[in-house]
Amino acid sequence: MKKHICLFILIISAFNLSAQVSTVSLNFNSLVNNKDTLELEKRYYFKSIQDSLQVDVLKFYITNIKFIKDETILASVHKKHFLINFEDVLSKRIKTQISDTLKFNKIRFNIGIDSITNVSGVYGQDLDPTNGMYWTWNSGYINCKLEGSSNKFKTRKNRYAFHLGGYMSPFISMQTITLEVTQNKEIEILINIDDFFSNLDVTKYHTILSPNRKAIVVSKHFSTVFYVEE
Amino acid sequence: MIKKIKVIIIIIMTFCCVGFSYLSLEVFEYPSYFPKPIYDLIDKPLSKQKIELGKKIFYDPILSADNSVSCASCHSSYNAFAHTDHDLSHGINDQIGTRNAPPLFNLAWQSSFMWDGAINHLDFQPLAPISSPLEMGSNIGSVVNKLNQHPNYPKLFYEAFKDTVITGEQVLIALSQFQITLLSVNSKYDAVRQGFDVFSEQEKKGYHLFLEHCNSCHKEPLFFENKYENNGLKVDTFLNDFGRWNITKVSRDSLKFKTPSLRNLSYTKPYMHDGRFNTLNKVLNHYSNEVVLNNNLAPSLKKGISLSAEDKVDLIAFLLTLNDQKFILNKKHKNPNIYP
């Protein structure tokens, strides 16, 4: 008898659960000239820099995602670390469950891996070192990789390479950003590549491969080009 | 009904705990005067299968690009897992590295790795030699691919991790687990601490000299500290190795190196980060006569350490009590293809 009651309660609560939560997905993308979806290894003419440019690698960590109402944190996404890799379409979409009763108007997340995770040894999945987002000769995650080429860069083969990371003071490169959003099942988060390059001193910043002062400057800059498409 | 379940759960839990401590006792037993290990064995408990798997990988040249170099090529069990007779270790294509391979033992108490502390966790250490073009010349991605296609490894990994694909995380955890079991805790010094043996007069004098002059850096009972110091070595102008500065880029870290353990010195020569001294006599001559002044020299060494000829003999007699022959001969740590 007791068993039956238990089962009954279980079924009821399962129903309740499914009635209360819905899936929200955060979709990461980038638009060229505010219209074409960025594809890797494809040459585009960028109006903002008045030159052609291509992106070959765009990978970054999005971590500790929180849904916020005004200043109150309503919910945190259970899985902590997501590697967004523009080469892998599935990775560009973060799906999460959130209760329908929670009405949020902002989301907050980190771009990069926090210091504690950086010193706690190896983890799997998105943090597995086979993802190529870990420095080998000097411990630490690479928070963001952005590579490609453009005639704007007066470097060998006109290439630029930003491997941004660093978890030890004074070179902590992780950034936290908060974006205003309207509650929706699909939230489009865009990276404004035009702004990234047009507001960057390309004579000074072109090749960053280790944690240093320049990496911090560019990490901050990168965090300012995220926006939400309404 | 509920009570019964509770009892069963308690029984199962006790079994798990007993199982864990039984395994720990067998492969990770350390003396009571040791501090608590730093490696988190609660989060990543040791398992027999993982340790055995880690050992197999450690001895397998599959980790290097051309299958010629294994971890054991540079870290030999007969040398307390250091690289003997080579001042600078050599790797793939016989290329010479830039530093002396340190011995490997009591790693669970170490919070940073390499002479300059470049690596912050034991798990990540193998990425450095695997990727270094001077050492194994490969990368973790292709190592994982090779292992996944190997006739035996997928089964062994499955037994250890219960996962159908081999991942980078698993390879690194297995290597850590084996290396954590490399415990050196059976030297004469340890027997004396535990009351099974006594120091000779000479060793006793040496011990007191050690406590006076050396223990501030090479702290007993581990005889190392997770700290970087400059001990007054003259800069090798060919290598120009600035040690900890390479990592932090702050001038107060220039020319500082990790304080290494003094256990097993008879097996680990040559000494220092670049292997410049091949005898303990030369090491002591350095501390007594050759300390070079520089901005970051440890204050305790500013005036050098004054040691008479007799002091040196006594001090060496004590240092030799830190040799752990049981550790060197332990078959459990040796190549599983030779000692299955």
# chains A, B, ... in the order shown; residues from 1 in each chain; ligands from 1
call {"tool": "interface_residues", "arguments": {"of": "chain A", "to": "chain B", "cutoff": "6 Å", "atoms": "only C-alpha atoms", "output": "list in words"}}
result
Gly121, Val122, Tyr123, Gly124, Asp128, Thr130, Thr136, Trp137, Asn138 and Ser139 of chain A
call {"tool": "write_last_selection", "arguments": {"atoms": "all heavy atoms", "output": "compact mmCIF listing (two decimals), in the first residue's frame"}}
result
# COMPACT_ATOMS: atom_id res chain seq x y z
N GLY A 121 43.29 20.63 -10.93
CA GLY A 121 43.58 19.38 -11.64
C GLY A 121 42.69 19.19 -12.85
O GLY A 121 41.94 20.09 -13.23
N VAL A 122 42.78 17.99 -13.43
CA VAL A 122 42.14 17.78 -14.74
C VAL A 122 40.67 17.44 -14.60
O VAL A 122 40.24 16.81 -13.63
CB VAL A 122 42.90 16.68 -15.52
CG1 VAL A 122 42.74 15.32 -14.87
CG2 VAL A 122 42.44 16.64 -16.98
N TYR A 123 39.87 17.92 -15.53
CA TYR A 123 38.47 17.56 -15.64
C TYR A 123 38.20 17.07 -17.06
O TYR A 123 39.03 17.26 -17.95
CB TYR A 123 37.57 18.77 -15.36
CG TYR A 123 37.64 19.28 -13.95
CD1 TYR A 123 38.46 20.36 -13.64
CD2 TYR A 123 36.89 18.69 -12.94
CE1 TYR A 123 38.53 20.85 -12.34
CE2 TYR A 123 36.96 19.17 -11.64
CZ TYR A 123 37.77 20.24 -11.34
OH TYR A 123 37.85 20.71 -10.07
N GLY A 124 37.00 16.49 -17.27
CA GLY A 124 36.68 15.95 -18.58
C GLY A 124 35.77 16.87 -19.40
O GLY A 124 35.65 18.06 -19.13
N ASP A 128 38.30 18.97 -21.01
CA ASP A 128 39.34 17.98 -21.32
C ASP A 128 40.47 18.65 -22.12
O ASP A 128 40.21 19.38 -23.08
CB ASP A 128 38.73 16.83 -22.14
CG ASP A 128 39.63 15.61 -22.17
OD1 ASP A 128 40.74 15.70 -22.74
OD2 ASP A 128 39.21 14.56 -21.64
N THR A 130 42.26 17.66 -24.33
CA THR A 130 42.32 17.35 -25.77
C THR A 130 41.57 18.39 -26.60
O THR A 130 41.67 18.39 -27.83
CB THR A 130 41.72 15.96 -26.08
OG1 THR A 130 40.45 15.88 -25.45
CG2 THR A 130 42.61 14.85 -25.57
N THR A 136 50.41 23.88 -22.38
CA THR A 136 51.09 22.68 -21.95
C THR A 136 52.33 22.98 -21.12
O THR A 136 52.63 22.29 -20.16
CB THR A 136 51.51 21.84 -23.16
OG1 THR A 136 52.30 22.68 -24.00
CG2 THR A 136 50.32 21.34 -23.91
N TRP A 137 53.04 24.03 -21.46
CA TRP A 137 54.34 24.30 -20.83
C TRP A 137 54.20 25.16 -19.59
O TRP A 137 55.17 25.41 -18.90
CB TRP A 137 55.25 25.00 -21.84
CG TRP A 137 54.48 25.98 -22.66
CD1 TRP A 137 53.88 25.74 -23.87
CD2 TRP A 137 54.13 27.31 -22.30
NE1 TRP A 137 53.20 26.85 -24.27
CE2 TRP A 137 53.33 27.82 -23.34
CE3 TRP A 137 54.42 28.14 -21.20
CZ2 TRP A 137 52.81 29.12 -23.31
CZ3 TRP A 137 53.90 29.41 -21.18
CH2 TRP A 137 53.11 29.90 -22.23
N ASN A 138 52.99 25.64 -19.33
CA ASN A 138 52.76 26.54 -18.21
C ASN A 138 51.29 26.41 -17.91
O ASN A 138 50.46 26.81 -18.72
CB ASN A 138 53.12 27.96 -18.66
CG ASN A 138 52.90 28.98 -17.57
OD1 ASN A 138 52.43 28.66 -16.47
ND2 ASN A 138 53.23 30.21 -17.85
N SER A 139 50.95 25.82 -16.75
CA SER A 139 49.55 25.44 -16.52
C SER A 139 48.57 26.57 -16.71
O SER A 139 48.83 27.72 -16.36
CB SER A 139 49.40 24.93 -15.09
OG SER A 139 50.06 23.70 -14.97
call {"tool": "atom_distance", "arguments": {"atom1": "CA of Asn148 (chain B)", "atom2": "CA of Arg93 (chain A)"}}
result
28.2 Å
call {"tool": "closest_atom_pairs", "arguments": {"of": "region 90-135 of chain A", "to": "region 49-71 of chain A", "cutoff": "8 Å", "atoms": "only C-alpha atoms", "output": "tab-separated table"}}
result
residue	atom	partner	partner_atom	distance
A:Lys103	CA	A:Lys69	CA	6.7
A:Phe104	CA	A:Lys69	CA	4.5
A:Asn105	CA	A:Lys69	CA	5.2
A:Lys106	CA	A:Ile68	CA	5.0
A:Ile107	CA	A:Phe67	CA	4.7
A:Arg108	CA	A:Lys66	CA	5.2
A:Phe109	CA	A:Ile65	CA	4.4
A:Asn110	CA	A:Thr63	CA	5.1
A:Ile111	CA	A:Ile62	CA	4.9
A:Gly112	CA	A:Tyr61	CA	4.9
A:Ile113	CA	A:Thr63	CA	6.8
call {"tool": "closest_residue", "arguments": {"among": "A:Ile189, A:Leu209, A:Leu40, A:Leu31", "to": "His163 (chain A)", "atoms": "only C-alpha atoms"}}
result
A:Leu209
call {"tool": "select_by_dssp", "arguments": {"residues": "region 206-246 of chain B", "states": "helix (DSSP H, G or I)", "output": "short mmCIF file (atom, residue, chain, number, x, y, z; two decimals) with C-alpha atoms, in the first residue's frame"}}
result
data_model
loop_
_atom_site.label_atom_id
_atom_site.label_comp_id
_atom_site.auth_asym_id
_atom_site.auth_seq_id
_atom_site.Cartn_x
_atom_site.Cartn_y
_atom_site.Cartn_z
CA GLY B 206 75.22 15.67 10.76
CA TYR B 207 71.52 15.84 11.66
CA HIS B 208 72.17 18.76 13.99
CA LEU B 209 74.18 20.58 11.31
CA PHE B 210 71.33 19.90 8.92
CA LEU B 211 68.72 21.34 11.28
CA GLU B 212 70.88 24.40 11.80
CA HIS B 213 71.80 25.16 8.19
CA TRP B 245 60.83 34.56 -13.18
CA ASN B 246 59.99 32.73 -16.43
#
call {"tool": "residues_around", "arguments": {"residues": "Pro154 (chain B)", "least_positions_apart": "2", "cutoff": "12 Å", "atoms": "only C-alpha atoms", "output": "PyMOL selection string"}}
result
chain B and resi 53+144-152+156-167+170-171
call {"tool": "write_last_selection", "arguments": {"atoms": "C-alpha atoms", "output": "mmCIF file, in the first residue's frame"}}
result
data_model
loop_
_atom_site.group_PDB
_atom_site.id
_atom_site.type_symbol
_atom_site.label_atom_id
_atom_site.label_comp_id
_atom_site.auth_asym_id
_atom_site.auth_seq_id
_atom_site.Cartn_x
_atom_site.Cartn_y
_atom_site.Cartn_z
ATOM 1 C CA LEU B 53 46.922 1.460 -16.074
ATOM 2 C CA VAL B 144 44.321 9.701 -27.057
ATOM 3 C CA ASN B 145 43.673 8.715 -30.691
ATOM 4 C CA LYS B 146 46.519 6.202 -30.636
ATOM 5 C CA LEU B 147 45.264 4.701 -27.379
ATOM 6 C CA ASN B 148 41.699 4.427 -28.684
ATOM 7 C CA GLN B 149 42.959 2.436 -31.676
ATOM 8 C CA HIS B 150 45.262 0.210 -29.649
ATOM 9 C CA PRO B 151 44.354 -3.514 -29.329
ATOM 10 C CA ASN B 152 44.616 -3.597 -25.501
ATOM 11 C CA LEU B 156 42.010 -1.557 -19.715
ATOM 12 C CA PHE B 157 40.587 1.950 -19.736
ATOM 13 C CA TYR B 158 37.081 0.542 -19.659
ATOM 14 C CA GLU B 159 37.928 -1.560 -16.619
ATOM 15 C CA ALA B 160 39.390 1.453 -14.846
ATOM 16 C CA PHE B 161 36.941 4.189 -15.859
ATOM 17 C CA LYS B 162 33.792 2.375 -17.054
ATOM 18 C CA ASP B 163 33.637 4.571 -20.111
ATOM 19 C CA THR B 164 33.653 3.341 -23.699
ATOM 20 C CA VAL B 165 35.943 6.013 -25.114
ATOM 21 C CA ILE B 166 39.350 6.979 -23.809
ATOM 22 C CA THR B 167 39.601 10.686 -22.993
ATOM 23 C CA GLN B 170 41.408 9.572 -18.082
ATOM 24 C CA VAL B 171 44.978 9.352 -19.401
#
call {"tool": "residues_around", "arguments": {"residues": "Asn143 (chain A)", "least_positions_apart": "3", "cutoff": "12 Å", "atoms": "only C-alpha atoms", "output": "mmCIF file with N, CA and C atoms, in the first residue's frame"}}
result
data_model
loop_
_atom_site.group_PDB
_atom_site.id
_atom_site.type_symbol
_atom_site.label_atom_id
_atom_site.label_comp_id
_atom_site.auth_asym_id
_atom_site.auth_seq_id
_atom_site.Cartn_x
_atom_site.Cartn_y
_atom_site.Cartn_z
ATOM 1 N N LEU A 58 37.597 30.299 -33.786
ATOM 2 C CA LEU A 58 36.935 31.083 -32.751
ATOM 3 C C LEU A 58 36.368 30.099 -31.726
ATOM 4 N N LYS A 59 37.020 30.075 -30.570
ATOM 5 C CA LYS A 59 36.641 29.157 -29.492
ATOM 6 C C LYS A 59 36.754 29.911 -28.184
ATOM 7 N N PHE A 60 35.781 29.761 -27.316
ATOM 8 C CA PHE A 60 35.919 30.407 -26.008
ATOM 9 C C PHE A 60 35.055 29.687 -24.989
ATOM 10 N N TYR A 61 35.409 29.859 -23.721
ATOM 11 C CA TYR A 61 34.639 29.256 -22.638
ATOM 12 C C TYR A 61 33.592 30.228 -22.115
ATOM 13 N N ILE A 62 32.368 29.734 -21.973
ATOM 14 C CA ILE A 62 31.301 30.455 -21.289
ATOM 15 C C ILE A 62 31.024 29.671 -20.010
ATOM 16 N N THR A 63 31.124 30.334 -18.861
ATOM 17 C CA THR A 63 31.012 29.590 -17.603
ATOM 18 C C THR A 63 30.117 30.318 -16.601
ATOM 19 N N HIS A 81 30.722 24.692 -17.166
ATOM 20 C CA HIS A 81 31.671 25.113 -18.193
ATOM 21 C C HIS A 81 31.207 24.684 -19.578
ATOM 22 N N PHE A 82 31.129 25.628 -20.485
ATOM 23 C CA PHE A 82 30.770 25.312 -21.862
ATOM 24 C C PHE A 82 31.850 25.841 -22.791
ATOM 25 N N LEU A 83 32.335 24.953 -23.672
ATOM 26 C CA LEU A 83 33.281 25.411 -24.685
ATOM 27 C C LEU A 83 32.493 25.706 -25.954
ATOM 28 N N ILE A 84 32.457 26.958 -26.349
ATOM 29 C CA ILE A 84 31.801 27.345 -27.595
ATOM 30 C C ILE A 84 32.874 27.306 -28.677
ATOM 31 N N ASN A 85 32.669 26.440 -29.663
ATOM 32 C CA ASN A 85 33.650 26.296 -30.733
ATOM 33 C C ASN A 85 32.923 26.525 -32.049
ATOM 34 N N ASN A 110 30.572 34.249 -17.234
ATOM 35 C CA ASN A 110 31.994 34.552 -17.376
ATOM 36 C C ASN A 110 32.453 34.119 -18.756
ATOM 37 N N ILE A 111 33.378 34.869 -19.296
ATOM 38 C CA ILE A 111 34.085 34.400 -20.484
ATOM 39 C C ILE A 111 35.432 33.939 -19.955
ATOM 40 N N GLY A 112 35.601 32.609 -19.891
ATOM 41 C CA GLY A 112 36.849 32.071 -19.351
ATOM 42 C C GLY A 112 36.626 31.212 -18.127
ATOM 43 N N ILE A 113 37.713 30.654 -17.640
ATOM 44 C CA ILE A 113 37.698 29.683 -16.545
ATOM 45 C C ILE A 113 38.251 30.352 -15.287
ATOM 46 N N ASP A 114 37.546 30.179 -14.166
ATOM 47 C CA ASP A 114 37.977 30.869 -12.943
ATOM 48 C C ASP A 114 39.258 30.259 -12.355
ATOM 49 N N SER A 115 39.849 30.980 -11.401
ATOM 50 C CA SER A 115 41.153 30.574 -10.845
ATOM 51 C C SER A 115 41.067 29.248 -10.093
ATOM 52 N N ASN A 118 41.123 26.409 -12.349
ATOM 53 C CA ASN A 118 42.440 26.327 -12.967
ATOM 54 C C ASN A 118 43.476 25.595 -12.118
ATOM 55 N N ASP A 126 34.001 19.367 -21.593
ATOM 56 C CA ASP A 126 34.419 20.639 -22.185
ATOM 57 C C ASP A 126 35.782 21.105 -21.672
ATOM 58 N N LEU A 127 36.178 20.573 -20.501
ATOM 59 C CA LEU A 127 37.464 20.995 -19.929
ATOM 60 C C LEU A 127 38.605 20.026 -20.266
ATOM 61 N N ASN A 131 40.798 19.265 -25.953
ATOM 62 C CA ASN A 131 40.102 20.309 -26.711
ATOM 63 C C ASN A 131 41.042 21.394 -27.226
ATOM 64 N N GLY A 132 42.302 21.298 -26.849
ATOM 65 C CA GLY A 132 43.259 22.292 -27.323
ATOM 66 C C GLY A 132 43.103 23.649 -26.672
ATOM 67 N N MET A 133 42.471 23.684 -25.513
ATOM 68 C CA MET A 133 42.288 24.958 -24.820
ATOM 69 C C MET A 133 43.068 24.959 -23.506
ATOM 70 N N TYR A 134 44.221 24.277 -23.514
ATOM 71 C CA TYR A 134 45.047 24.235 -22.308
ATOM 72 C C TYR A 134 46.498 24.439 -22.713
ATOM 73 N N TRP A 135 47.177 25.316 -21.981
ATOM 74 C CA TRP A 135 48.599 25.496 -22.253
ATOM 75 C C TRP A 135 49.363 24.324 -21.686
ATOM 76 N N GLY A 140 47.403 26.238 -17.214
ATOM 77 C CA GLY A 140 46.316 27.198 -17.299
ATOM 78 C C GLY A 140 45.464 26.981 -18.535
ATOM 79 N N LEU A 146 41.207 33.145 -30.855
ATOM 80 C CA LEU A 146 40.697 33.814 -32.051
ATOM 81 C C LEU A 146 41.876 33.961 -33.004
ATOM 82 N N PHE A 162 45.115 35.344 -31.231
ATOM 83 C CA PHE A 162 44.908 35.733 -29.841
ATOM 84 C C PHE A 162 44.581 34.485 -29.035
ATOM 85 N N HIS A 163 45.516 34.059 -28.192
ATOM 86 C CA HIS A 163 45.228 32.986 -27.239
ATOM 87 C C HIS A 163 45.187 33.669 -25.873
ATOM 88 N N LEU A 164 43.984 33.918 -25.404
ATOM 89 C CA LEU A 164 43.833 34.742 -24.209
ATOM 90 C C LEU A 164 43.603 33.870 -22.994
ATOM 91 N N GLY A 165 44.396 34.097 -21.963
ATOM 92 C CA GLY A 165 44.226 33.327 -20.738
ATOM 93 C C GLY A 165 45.075 33.912 -19.635
ATOM 94 N N GLY A 166 45.154 33.184 -18.524
ATOM 95 C CA GLY A 166 45.890 33.660 -17.357
ATOM 96 C C GLY A 166 44.948 33.690 -16.171
ATOM 97 N N TYR A 167 45.358 33.022 -15.074
ATOM 98 C CA TYR A 167 44.483 32.958 -13.906
ATOM 99 C C TYR A 167 45.172 33.479 -12.663
ATOM 100 N N ILE A 172 44.925 38.133 -14.621
ATOM 101 C CA ILE A 172 43.711 37.317 -14.592
ATOM 102 C C ILE A 172 42.827 37.749 -15.754
ATOM 103 N N SER A 173 42.620 36.854 -16.702
ATOM 104 C CA SER A 173 41.980 37.317 -17.941
ATOM 105 C C SER A 173 40.490 37.012 -18.010
ATOM 106 N N MET A 174 39.958 36.202 -17.092
ATOM 107 C CA MET A 174 38.525 35.901 -17.141
ATOM 108 C C MET A 174 37.704 37.185 -16.987
ATOM 109 N N GLN A 175 36.626 37.294 -17.759
ATOM 110 C CA GLN A 175 35.766 38.475 -17.704
ATOM 111 C C GLN A 175 34.348 38.051 -17.353
ATOM 112 N N LEU A 209 50.130 34.958 -27.110
ATOM 113 C CA LEU A 209 50.115 33.503 -26.916
ATOM 114 C C LEU A 209 50.384 33.101 -25.477
ATOM 115 N N SER A 210 50.403 34.058 -24.581
ATOM 116 C CA SER A 210 50.609 33.693 -23.180
ATOM 117 C C SER A 210 49.985 34.749 -22.275
ATOM 118 N N PRO A 211 49.812 34.417 -20.988
ATOM 119 C CA PRO A 211 49.213 35.384 -20.072
ATOM 120 C C PRO A 211 50.146 36.583 -19.893
ATOM 121 N N ALA A 215 47.261 40.455 -23.008
ATOM 122 C CA ALA A 215 46.171 39.476 -22.985
ATOM 123 C C ALA A 215 44.992 40.018 -22.172
ATOM 124 N N ILE A 216 45.314 40.760 -21.108
ATOM 125 C CA ILE A 216 44.247 41.308 -20.265
ATOM 126 C C ILE A 216 43.493 42.398 -21.039
ATOM 127 N N VAL A 218 43.153 42.740 -24.270
ATOM 128 C CA VAL A 218 42.337 42.184 -25.349
ATOM 129 C C VAL A 218 41.163 41.364 -24.786
ATOM 130 N N SER A 219 41.369 40.693 -23.645
ATOM 131 C CA SER A 219 40.258 39.948 -23.026
ATOM 132 C C SER A 219 39.131 40.901 -22.653
ATOM 133 N N LYS A 220 39.501 42.040 -22.063
ATOM 134 C CA LYS A 220 38.485 43.032 -21.688
ATOM 135 C C LYS A 220 37.772 43.522 -22.931
ATOM 136 N N PHE A 222 37.443 42.024 -25.819
ATOM 137 C CA PHE A 222 36.597 40.957 -26.378
ATOM 138 C C PHE A 222 35.257 40.898 -25.630
ATOM 139 N N SER A 223 35.290 41.100 -24.310
ATOM 140 C CA SER A 223 34.049 40.975 -23.536
ATOM 141 C C SER A 223 33.064 42.105 -23.843
#
call {"tool": "closest_residue", "arguments": {"among": "A:Val32, A:Ile191, A:Ile116, A:Val21", "to": "Asp100 (chain A)", "atoms": "only C-alpha atoms"}}
result
A:Val21
call {"tool": "atom_distance", "arguments": {"atom1": "CA of Asp195 (chain A)", "atom2": "CA of Val228 (chain A)"}}
result
14.4 Å
call {"tool": "select_by_dssp", "arguments": {"residues": "region 51-100 of chain A", "states": "strand (DSSP E or B)", "output": "ChimeraX atom specification"}}
result
/A:51-69,72-76,81-85,93-99
call {"tool": "residues_around", "arguments": {"residues": "Leu190 (chain A)", "least_positions_apart": "6", "cutoff": "7 Å", "atoms": "only C-alpha atoms", "output": "NGL selection string"}}
result
:A and (28-30 or 226-229)
call {"tool": "closest_residue", "arguments": {"among": "B:Phe178, B:Phe318, B:Ile57, B:Arg99", "to": "Leu239 (chain B)", "atoms": "only C-alpha atoms"}}
result
B:Arg99
call {"tool": "residues_around", "arguments": {"residues": "region 220-231 of chain B", "least_positions_apart": "5", "cutoff": "7 Å", "atoms": "only C-alpha atoms", "output": "ChimeraX atom specification"}}
result
/B:34,110-112,215,255-263,296-298,301
call {"tool": "residues_around", "arguments": {"residues": "Asn281 (chain B)", "least_positions_apart": "4", "cutoff": "8 Å", "atoms": "only C-alpha atoms", "output": "list of chain:residue names"}}
result
B:Asn285, B:Lys312, B:Ile316
